[in-house]
$ cat entry-v9.cif   # mmCIF, C-alpha atoms
data_input
loop_
_atom_site.label_atom_id
_atom_site.label_comp_id
_atom_site.auth_asym_id
_atom_site.auth_seq_id
_atom_site.Cartn_x
_atom_site.Cartn_y
_atom_site.Cartn_z
CA MET A 1 0.00 0.00 0.00
CA HIS A 2 1.31 3.45 -0.86
CA ALA A 3 2.01 5.82 2.04
CA GLU A 4 -0.88 7.92 0.77
CA ARG A 5 -3.32 7.05 -1.97
CA THR A 6 -6.12 9.31 -3.15
CA LEU A 7 -9.19 8.23 -5.08
CA THR A 8 -11.34 11.00 -6.46
CA GLY A 9 -14.89 11.05 -7.64
CA LEU A 10 -17.84 13.34 -8.06
CA LEU A 11 -18.98 15.02 -4.89
CA PHE A 12 -22.63 15.42 -4.16
CA SER A 13 -23.95 18.95 -4.55
CA ALA A 14 -25.45 20.71 -1.57
CA ILE A 15 -29.21 20.55 -1.17
CA VAL A 16 -31.17 23.35 0.44
CA LEU A 17 -33.92 21.97 2.63
CA SER A 18 -36.79 23.62 4.48
CA SER A 19 -37.48 22.29 7.95
CA PRO A 20 -40.08 22.87 10.68
CA TYR A 21 -37.36 23.00 13.31
CA VAL A 22 -34.23 25.03 13.84
CA ALA A 23 -31.11 22.91 14.33
CA SER A 24 -28.55 24.46 16.62
CA ALA A 25 -25.38 22.95 17.97
CA SER A 26 -25.10 22.37 21.68
CA THR A 27 -22.39 24.31 23.46
CA GLU A 28 -21.50 21.11 25.30
CA SER A 29 -18.70 19.05 23.78
CA LEU A 30 -18.70 15.49 25.05
CA ARG A 31 -15.25 13.91 25.52
CA LEU A 32 -16.61 10.40 25.72
CA LEU A 33 -13.31 8.52 25.62
CA GLU A 34 -12.37 10.16 28.90
CA THR A 35 -15.33 8.42 30.54
CA PRO A 36 -15.24 4.64 29.98
CA SER A 37 -18.61 4.31 31.74
CA ALA A 38 -20.14 6.22 28.80
CA TRP A 39 -19.61 3.11 26.68
CA ALA A 40 -21.03 -0.41 26.64
CA ARG A 41 -19.31 -3.46 25.18
CA GLN A 42 -21.29 -5.90 23.05
CA GLY A 43 -19.45 -9.20 22.72
CA GLY A 44 -15.70 -9.59 22.97
CA SER A 45 -13.90 -9.52 26.33
CA GLU A 46 -12.30 -7.03 28.68
CA ARG A 47 -9.20 -7.17 26.45
CA SER A 48 -11.18 -6.15 23.35
CA PHE A 49 -11.46 -2.44 24.27
CA VAL A 50 -8.83 -0.85 26.51
CA PHE A 51 -9.24 2.75 27.72
CA GLU A 52 -6.15 4.72 28.70
CA ASP A 53 -5.36 8.47 28.78
CA GLY A 54 -8.43 9.49 26.80
CA GLN A 55 -7.78 6.91 24.10
CA VAL A 56 -9.27 3.51 23.33
CA THR A 57 -7.37 0.61 21.81
CA VAL A 58 -9.46 -1.96 19.95
CA THR A 59 -7.76 -5.30 19.42
CA ARG A 60 -8.27 -9.04 19.48
CA GLY A 61 -9.80 -10.03 22.80
CA GLY A 62 -11.73 -13.17 21.92
CA ALA A 63 -15.32 -13.64 20.75
CA GLU A 64 -14.99 -11.27 17.80
CA PRO A 65 -16.67 -9.61 16.08
CA SER A 66 -17.72 -7.28 18.86
CA ALA A 67 -18.61 -3.63 19.27
CA LEU A 68 -18.10 -0.69 21.60
CA LEU A 69 -21.25 1.45 21.71
CA THR A 70 -22.16 4.65 23.51
CA ALA A 71 -24.50 4.02 26.41
CA GLU A 72 -26.53 7.02 25.23
CA SER A 73 -28.41 7.17 21.95
CA PHE A 74 -28.09 10.14 19.60
CA GLU A 75 -29.97 11.46 16.59
CA ASN A 76 -28.24 14.56 15.22
CA PHE A 77 -24.66 15.41 16.13
CA GLU A 78 -21.21 16.58 15.10
CA LEU A 79 -18.40 14.09 15.76
CA THR A 80 -14.65 14.41 15.31
CA PHE A 81 -11.89 11.93 16.17
CA GLU A 82 -8.53 10.57 15.09
CA PHE A 83 -7.97 6.91 14.25
CA LEU A 84 -5.03 4.59 13.56
CA LEU A 85 -5.25 1.23 11.79
CA SER A 86 -2.88 -1.70 11.68
CA LYS A 87 -2.19 -3.36 8.36
CA TRP A 88 -5.19 -5.40 7.15
CA CYS A 89 -7.41 -3.93 9.86
CA VAL A 90 -11.09 -3.81 8.93
CA SER A 91 -13.27 -1.86 11.33
CA GLY A 92 -16.10 0.61 11.20
CA LEU A 93 -17.78 3.60 12.80
CA PHE A 94 -21.37 2.78 13.73
CA ILE A 95 -23.96 5.56 13.48
CA HIS A 96 -27.45 5.07 14.92
CA ALA A 97 -26.59 1.50 15.86
CA PRO A 98 -29.37 -0.63 17.40
CA ARG A 99 -28.84 -2.41 20.71
CA ASN A 100 -29.53 -5.95 19.47
CA GLY A 101 -26.47 -6.31 17.23
CA ALA A 102 -28.33 -5.81 13.93
CA TYR A 103 -25.94 -3.03 12.93
CA ARG A 104 -26.98 -2.86 9.30
CA ALA A 105 -30.19 -1.19 10.52
CA GLY A 106 -28.11 1.93 11.13
CA LEU A 107 -25.09 3.22 9.18
CA GLU A 108 -21.50 2.03 9.20
CA ILE A 109 -18.61 4.12 7.89
CA GLU A 110 -15.91 1.66 6.86
CA LEU A 111 -12.65 2.29 8.71
CA SER A 112 -10.09 0.08 7.02
CA ASN A 113 -7.01 0.28 4.82
CA GLN A 114 -8.72 -1.70 2.07
CA VAL A 115 -8.52 1.02 -0.61
CA HIS A 116 -10.31 0.00 -3.79
CA ASP A 117 -9.94 1.62 -7.20
CA PRO A 118 -12.58 2.54 -8.18
CA PRO A 119 -14.16 2.98 -4.75
CA ASP A 120 -16.86 0.46 -3.88
CA VAL A 121 -19.30 -0.16 -1.04
CA TYR A 122 -16.87 -2.39 0.91
CA GLY A 123 -13.64 -0.39 0.90
CA ALA A 124 -12.23 2.40 3.06
CA GLY A 125 -14.59 5.29 3.61
CA ALA A 126 -17.69 3.57 2.22
CA ILE A 127 -21.05 3.54 3.91
CA PHE A 128 -20.72 -0.21 4.22
CA ARG A 129 -22.88 -2.18 1.77
CA LYS A 130 -24.65 1.02 0.70
CA VAL A 131 -22.66 3.89 -0.86
CA PRO A 132 -19.05 4.11 -2.08
CA PRO A 133 -17.01 7.12 -1.00
CA ALA A 134 -16.86 10.01 -3.42
CA ALA A 135 -13.19 10.45 -2.56
CA ILE A 136 -10.82 9.06 0.04
CA THR A 137 -7.33 9.89 1.27
CA LEU A 138 -6.08 7.27 3.70
CA ARG A 139 -2.67 7.31 5.32
CA GLU A 140 -0.38 4.31 5.60
CA PRO A 141 -0.95 1.71 8.34
CA TYR A 142 -0.05 2.88 11.87
CA ALA A 143 -0.38 6.56 10.89
CA TRP A 144 -3.06 8.73 12.45
CA ASN A 145 -6.07 9.77 10.32
CA THR A 146 -8.76 12.34 11.07
CA CYS A 147 -12.51 11.85 10.67
CA SER A 148 -15.42 14.24 11.04
CA VAL A 149 -19.11 13.38 10.77
CA ARG A 150 -22.03 15.79 10.80
CA MET A 151 -25.43 14.10 11.00
CA ASP A 152 -28.27 16.60 10.75
CA TRP A 153 -31.01 14.41 9.32
CA PRO A 154 -31.51 14.04 6.42
CA LEU A 155 -28.07 15.47 5.61
CA LEU A 156 -24.94 13.41 6.27
CA ASP A 157 -21.50 14.98 5.78
CA VAL A 158 -18.38 12.81 6.27
CA ARG A 159 -14.74 13.84 5.83
CA ILE A 160 -11.61 11.72 6.26
CA ASN A 161 -8.27 13.53 6.45
CA GLY A 162 -10.05 16.70 5.38
CA VAL A 163 -11.43 15.15 2.19
CA ARG A 164 -15.21 14.95 1.82
CA THR A 165 -16.19 11.32 1.30
CA HIS A 166 -19.98 11.70 1.57
CA TYR A 167 -22.48 14.51 1.34
CA LEU A 168 -25.88 12.84 1.17
CA ASP A 169 -29.57 13.56 1.56
CA LEU A 170 -30.58 10.25 3.14
CA ARG A 171 -34.20 10.67 2.00
CA THR A 172 -33.25 10.42 -1.67
CA ASP A 173 -31.29 7.16 -1.45
CA ALA A 174 -33.42 4.01 -1.47
CA SER A 175 -30.79 2.10 0.50
CA LEU A 176 -30.56 4.75 3.25
CA ARG A 177 -33.96 6.35 3.70
CA HIS A 178 -35.15 3.66 6.13
CA ALA A 179 -31.95 3.54 8.19
CA LEU A 180 -32.46 4.18 11.88
CA ARG A 181 -32.52 7.87 12.80
CA ARG A 182 -31.50 7.38 16.41
CA GLY A 183 -29.14 4.96 18.11
CA ALA A 184 -25.68 4.42 19.51
CA ILE A 185 -22.38 5.62 18.12
CA GLY A 186 -19.68 3.00 18.23
CA PHE A 187 -16.70 1.16 16.82
CA GLN A 188 -16.49 -2.32 15.34
CA ASN A 189 -13.93 -4.90 16.46
CA ASN A 190 -13.09 -7.56 13.89
CA GLY A 191 -9.81 -8.53 15.50
CA GLY A 192 -7.41 -6.00 13.94
CA LEU A 193 -5.75 -3.11 15.77
CA LEU A 194 -7.66 0.18 15.88
CA LYS A 195 -6.80 3.16 18.08
CA VAL A 196 -9.11 6.14 18.55
CA ARG A 197 -8.23 9.41 20.29
CA ASN A 198 -9.31 13.06 20.58
CA LEU A 199 -12.98 12.15 20.18
CA ALA A 200 -15.41 15.02 20.65
CA LEU A 201 -19.16 14.99 20.10
CA GLU A 202 -21.66 17.84 20.10
CA ARG A 203 -25.40 17.28 20.01
CA LEU A 204 -27.55 19.00 17.41
CA ALA A 205 -31.28 19.59 17.76
CA ASP A 206 -33.46 16.50 17.30
CA SER A 207 -35.70 16.41 14.25
CA GLU A 208 -37.49 13.04 14.37
CA HIS A 209 -39.88 13.91 17.23
CA GLY A 210 -40.90 10.30 17.73
CA ARG A 211 -43.19 9.35 20.59
CA GLU A 212 -42.25 6.51 22.95
CA LEU A 213 -45.38 4.38 23.40
CA VAL A 214 -44.32 2.22 26.35
CA PRO A 215 -45.09 3.92 29.69
CA SER A 216 -42.69 3.59 32.59
CA ALA A 217 -45.25 1.43 34.38
CA GLY A 218 -48.69 -0.01 33.73
CA LEU A 219 -50.61 0.26 30.47
CA VAL A 220 -51.29 3.99 30.39
CA GLY A 221 -52.34 4.97 26.86
CA TRP A 222 -53.24 1.39 25.95
CA THR A 223 -56.56 -0.48 25.98
CA VAL A 224 -56.86 -4.25 26.35
CA VAL A 225 -59.31 -5.77 23.85
CA GLY A 226 -60.40 -9.39 24.25
CA GLU A 227 -60.50 -11.42 27.42
CA GLU A 228 -58.07 -14.26 26.72
CA ALA A 229 -54.57 -12.85 26.40
CA ARG A 230 -52.94 -11.34 29.48
CA TRP A 231 -51.04 -8.06 29.03
CA ALA A 232 -48.55 -6.50 31.45
CA ASN A 233 -45.73 -3.98 31.59
CA ALA A 234 -42.59 -5.45 33.16
CA GLY A 235 -40.07 -2.62 33.54
CA GLY A 236 -40.72 -1.07 30.13
CA VAL A 237 -41.39 -4.35 28.31
CA LEU A 238 -44.97 -5.01 27.18
CA ARG A 239 -45.78 -8.71 27.38
CA GLY A 240 -48.76 -10.52 25.89
CA ALA A 241 -49.27 -14.13 26.90
CA ASP A 242 -51.51 -17.19 26.91
CA GLY A 243 -54.34 -16.58 24.51
CA ASN A 244 -55.82 -14.45 21.76
CA GLY A 245 -56.16 -10.72 22.33
CA TYR A 246 -55.13 -7.20 21.42
CA LEU A 247 -53.58 -4.12 22.97
CA LEU A 248 -54.57 -0.85 21.29
CA HIS A 249 -52.79 2.47 21.66
CA GLU A 250 -54.74 5.70 21.95
CA THR A 251 -52.83 7.57 19.19
CA VAL A 252 -54.73 7.91 15.91
CA CYS A 253 -52.66 8.39 12.75
CA GLU A 254 -52.73 7.56 9.05
CA ASP A 255 -49.15 7.87 7.80
CA PHE A 256 -46.27 7.11 10.16
CA ASP A 257 -42.97 5.44 10.90
CA LEU A 258 -42.89 2.84 13.67
CA ARG A 259 -39.97 0.98 15.18
CA LEU A 260 -39.90 -1.52 18.00
CA TYR A 261 -38.08 -4.53 19.35
CA TYR A 262 -39.91 -7.81 19.84
CA ARG A 263 -39.06 -11.34 20.95
CA THR A 264 -41.18 -14.44 21.30
CA SER A 265 -41.35 -17.83 22.86
CA PRO A 266 -40.90 -20.68 20.33
CA ASN A 267 -43.52 -20.53 17.56
CA ALA A 268 -45.53 -17.77 19.23
CA ASN A 269 -47.93 -15.98 16.88
CA GLY A 270 -48.96 -12.34 16.92
CA GLY A 271 -48.72 -9.14 15.01
CA VAL A 272 -48.76 -5.37 14.78
CA PHE A 273 -51.92 -3.85 13.32
CA PHE A 274 -52.20 -0.33 11.96
CA ARG A 275 -55.10 1.90 10.86
CA TRP A 276 -57.32 -0.01 13.31
CA PRO A 277 -60.68 1.82 13.43
CA PRO A 278 -60.77 4.37 16.26
CA GLY A 279 -63.22 3.44 18.98
CA GLU A 280 -64.10 0.00 17.57
CA THR A 281 -63.31 -3.48 18.84
CA TYR A 282 -61.82 -6.49 17.10
CA ALA A 283 -65.34 -7.57 16.09
CA THR A 284 -65.33 -4.97 13.31
CA SER A 285 -65.28 -6.24 9.74
CA SER A 286 -62.04 -4.39 9.08
CA ARG A 287 -59.24 -4.18 11.63
CA GLY A 288 -56.90 -2.30 9.29
CA HIS A 289 -53.74 -4.07 8.16
CA GLU A 290 -51.39 -6.45 9.98
CA ILE A 291 -47.64 -6.98 10.10
CA GLN A 292 -47.11 -10.60 11.07
CA ILE A 293 -44.97 -11.75 13.99
CA TYR A 294 -44.25 -15.46 13.66
CA ASP A 295 -40.59 -16.44 13.99
CA ALA A 296 -40.97 -19.95 12.57
CA PRO A 297 -38.20 -20.68 10.02
CA GLY A 298 -39.74 -21.32 6.64
CA ALA A 299 -43.17 -20.05 7.67
CA VAL A 300 -45.52 -19.25 4.80
CA VAL A 301 -46.34 -15.94 6.51
CA GLY A 302 -43.39 -15.16 8.76
CA SER A 303 -42.37 -12.12 10.77
CA GLY A 304 -42.24 -8.90 8.78
CA SER A 305 -44.90 -10.05 6.30
CA ILE A 306 -47.61 -7.57 5.32
CA TYR A 307 -50.50 -9.94 5.79
CA HIS A 308 -52.41 -10.69 2.54
CA PHE A 309 -49.99 -8.52 0.50
CA ASP A 310 -46.34 -9.59 0.67
CA ARG A 311 -44.42 -12.40 2.36
CA GLY A 312 -41.58 -11.32 4.64
CA ASN A 313 -37.95 -12.34 4.41
CA ASP A 314 -37.60 -15.32 6.74
CA LEU A 315 -33.81 -14.94 6.76
CA ALA A 316 -34.07 -11.57 8.52
CA TYR A 317 -35.42 -12.55 11.93
CA ARG A 318 -33.74 -14.51 14.71
CA PRO A 319 -36.10 -16.81 16.67
CA GLU A 320 -36.20 -16.26 20.45
CA ALA A 321 -33.94 -13.17 20.22
CA TRP A 322 -34.75 -9.47 20.30
CA ASN A 323 -35.58 -8.45 16.74
CA LEU A 324 -35.85 -4.90 15.43
CA LEU A 325 -39.01 -4.31 13.39
CA GLN A 326 -39.46 -1.11 11.36
CA LEU A 327 -42.68 -0.17 9.56
CA SER A 328 -43.10 2.82 7.25
CA VAL A 329 -46.61 3.64 5.96
CA ARG A 330 -47.57 6.29 3.39
CA GLY A 331 -51.00 6.24 1.74
CA ARG A 332 -51.39 2.89 -0.02
CA SER A 333 -47.73 1.99 0.50
CA ALA A 334 -46.03 0.12 3.34
CA VAL A 335 -42.56 -1.32 3.78
CA THR A 336 -41.11 -3.39 6.60
CA HIS A 337 -37.54 -4.00 7.70
CA VAL A 338 -36.46 -6.64 10.20
CA ASN A 339 -33.02 -6.22 11.74
CA GLY A 340 -32.17 -3.71 9.03
CA ILE A 341 -33.04 -6.07 6.17
CA ARG A 342 -35.89 -5.15 3.83
CA SER A 343 -38.60 -7.71 4.48
CA ALA A 344 -41.87 -6.87 2.68
CA ALA A 345 -43.46 -4.04 0.71
CA THR A 346 -46.70 -3.16 -1.03
CA ASP A 347 -48.31 -0.25 -2.87
CA ALA A 348 -51.78 -1.79 -2.71
CA LEU A 349 -53.10 -1.18 0.81
CA THR A 350 -56.88 -1.11 0.79
CA VAL A 351 -57.42 0.65 4.12
CA VAL A 352 -56.31 4.28 3.91
CA ARG A 353 -57.68 6.19 6.89
CA PRO A 354 -56.62 7.42 10.32
CA GLY A 355 -56.45 4.58 12.81
CA ARG A 356 -54.69 3.14 15.80
CA ILE A 357 -51.62 0.98 16.38
CA CYS A 358 -52.47 -2.39 17.89
CA LEU A 359 -50.36 -5.25 19.25
CA GLN A 360 -51.69 -8.79 18.90
CA MET A 361 -51.12 -11.98 20.89
CA HIS A 362 -52.52 -14.98 19.04
CA ARG A 363 -51.55 -18.25 20.70
CA THR A 364 -52.10 -20.08 23.97
CA ASP A 365 -49.15 -21.38 26.00
CA ALA A 366 -46.90 -18.74 24.42
CA TRP A 367 -45.78 -15.14 24.84
CA ILE A 368 -44.54 -12.12 22.88
CA GLU A 369 -42.66 -9.14 24.33
CA PHE A 370 -42.36 -5.62 22.89
CA LYS A 371 -40.09 -2.77 23.97
CA ASP A 372 -38.72 0.60 22.80
CA ILE A 373 -41.81 1.27 20.68
CA VAL A 374 -41.37 4.64 18.95
CA LEU A 375 -44.04 6.15 16.70
CA THR A 376 -43.38 9.14 14.44
CA VAL A 377 -46.55 10.54 12.92
CA VAL A 378 -46.21 11.96 9.39
CA ARG A 379 -48.55 14.85 8.72
#

$ encode --input "entry-v9.cif" --output "structure tokens"
Amino acid sequence: MHAERTLTGLLFSAIVLSSPYVASASTESLRLLETPSAWARQGGSERSFVFEDGQVTVTRGGAEPSALLTAESFENFELTFEFLLSKWCVSGLFIHAPRNGAYRAGLEIELSNQVHDPPDVYGAGAIFRKVPPAAITLREPYAWNTCSVRMDWPLLDVRINGVRTHYLDLRTDASLRHALRRGAIGFQNNGGLLKVRNLALERLADSEHGRELVPSAGLVGWTVVGEEARWANAGGVLRGADGNGYLLHETVCEDFDLRLYYRTSPNANGGVFFRWPPGETYATSSRGHEIQIYDAPGAVVGSGSIYHFDRGNDLAYRPEAWNLLQLSVRGRSAVTHVNGIRSAATDALTVVRPGRICLQMHRTDAWIEFKDIVLTVVR
């Protein structure tokens, strides 16, 4: 590898956007590497991530791959840091990472010395699997590089060693528009040597304005429909068990984005309904539309399916684990993602009206749990 190799390409032109909010940078700069308790390790061992003098060393510690994630979640921010890579190191910067390990649901900026000519979606500076860098200047192994990231949704601006690698409107890219808008920031450990220092982060104003639907206790805002299934809130986790029944939320909306985590006992059956008629019970002739939850491998209608419209991707979900489900609904269109993988889509919804979100439990001697349910109403 040359001491310095530059690949150039067309840069994206700036896009002027109108917005209902005013984004302003916080005056607080977070020096997160100086506070190891601000981070949480996923996988690996105590040797995988070593903090010392405001720097973190990422190296082989066993049980790779693993990740180091911020304990706090962020939406919009400005981030700067320096990084050093050993030869053949392949790592990444996670943006809006979920907490269940399904990192492709967020964004990953590839931090590696795999420089490809022309740039592709797997080499240095790429948004991994999604977008190649427009340009990249990477220094030789064991030399320090600089990185800056400004996320002010929908605009993403990334620079490595002062060279702009990405300037994107995430709404206009089919592979990015459904990426998570809030989550952890972190670093990937694949076993190579990565050092990070001089990390500073400043919050920018939030723009998603999602509503958390799980109350701190009880079922405030929810109505139990049906007498069989039992519903409870166990420390921020909604649990339906042992029978057929529904849990309806009070919010009425037509177009929206919804994300949640769910997990089930083996072969449990349930779902997430939307556009459920306001004020009506499950006896109505139309309950809106349903996203299936059924983590049976090879199921005809598995988790993520838009019932009666499109079968979900049964390779996306992980039985008996926490799975991330995302649902985006606009008019007659709906699309689901499970663990960051596109699962099902349709442009033929028949029920287009304001309605309610509803959770379903649909099997005896079984249970389904839901947590971190966030609803963003689109007006």

$ resolve_selection --input "entry-v9.cif" --expression "the PyMOL selection byres ((chain A and resi 341-354) around 10)" --output "JSON, numbers by chain"
{"A": [102, 104, 105, 175, 178, 179, 251, 252, 253, 254, 255, 274, 275, 276, 277, 278, 286, 287, 288, 289, 291, 302, 303, 304, 305, 306, 307, 308, 309, 310, 311, 312, 313, 314, 315, 316, 317, 324, 325, 326, 327, 328, 329, 330, 331, 332, 333, 334, 335, 336, 337, 338, 339, 340, 355, 356]}

$ closest_residue --input "entry-v9.cif" --among "A:Glu108, A:Asp120, A:Asp157, A:Glu140" --to "Glu78 of chain A" --atoms "all atoms listed in the file"
A:Asp157

$ resolve_selection --input "entry-v9.cif" --expression "the PyMOL selection byres ((chain A and resi 363-370) around 9)" --output "VMD selection string"
chain A and resid 214 228 to 229 236 to 245 260 to 270 293 322 359 to 362 371 to 373

$ atom_distance --input "entry-v9.cif" --atom1 "atom CA of Asp152 of chain A" --atom2 "atom CA of Tyr122 of chain A"
24.2 Å

$ resolve_selection --input "entry-v9.cif" --expression "the PyMOL selection byres ((chain A and resi 176) around 12)" --output "VMD selection string"
chain A and resid 104 to 108 127 to 131 153 to 156 168 to 175 177 to 181 340 to 342
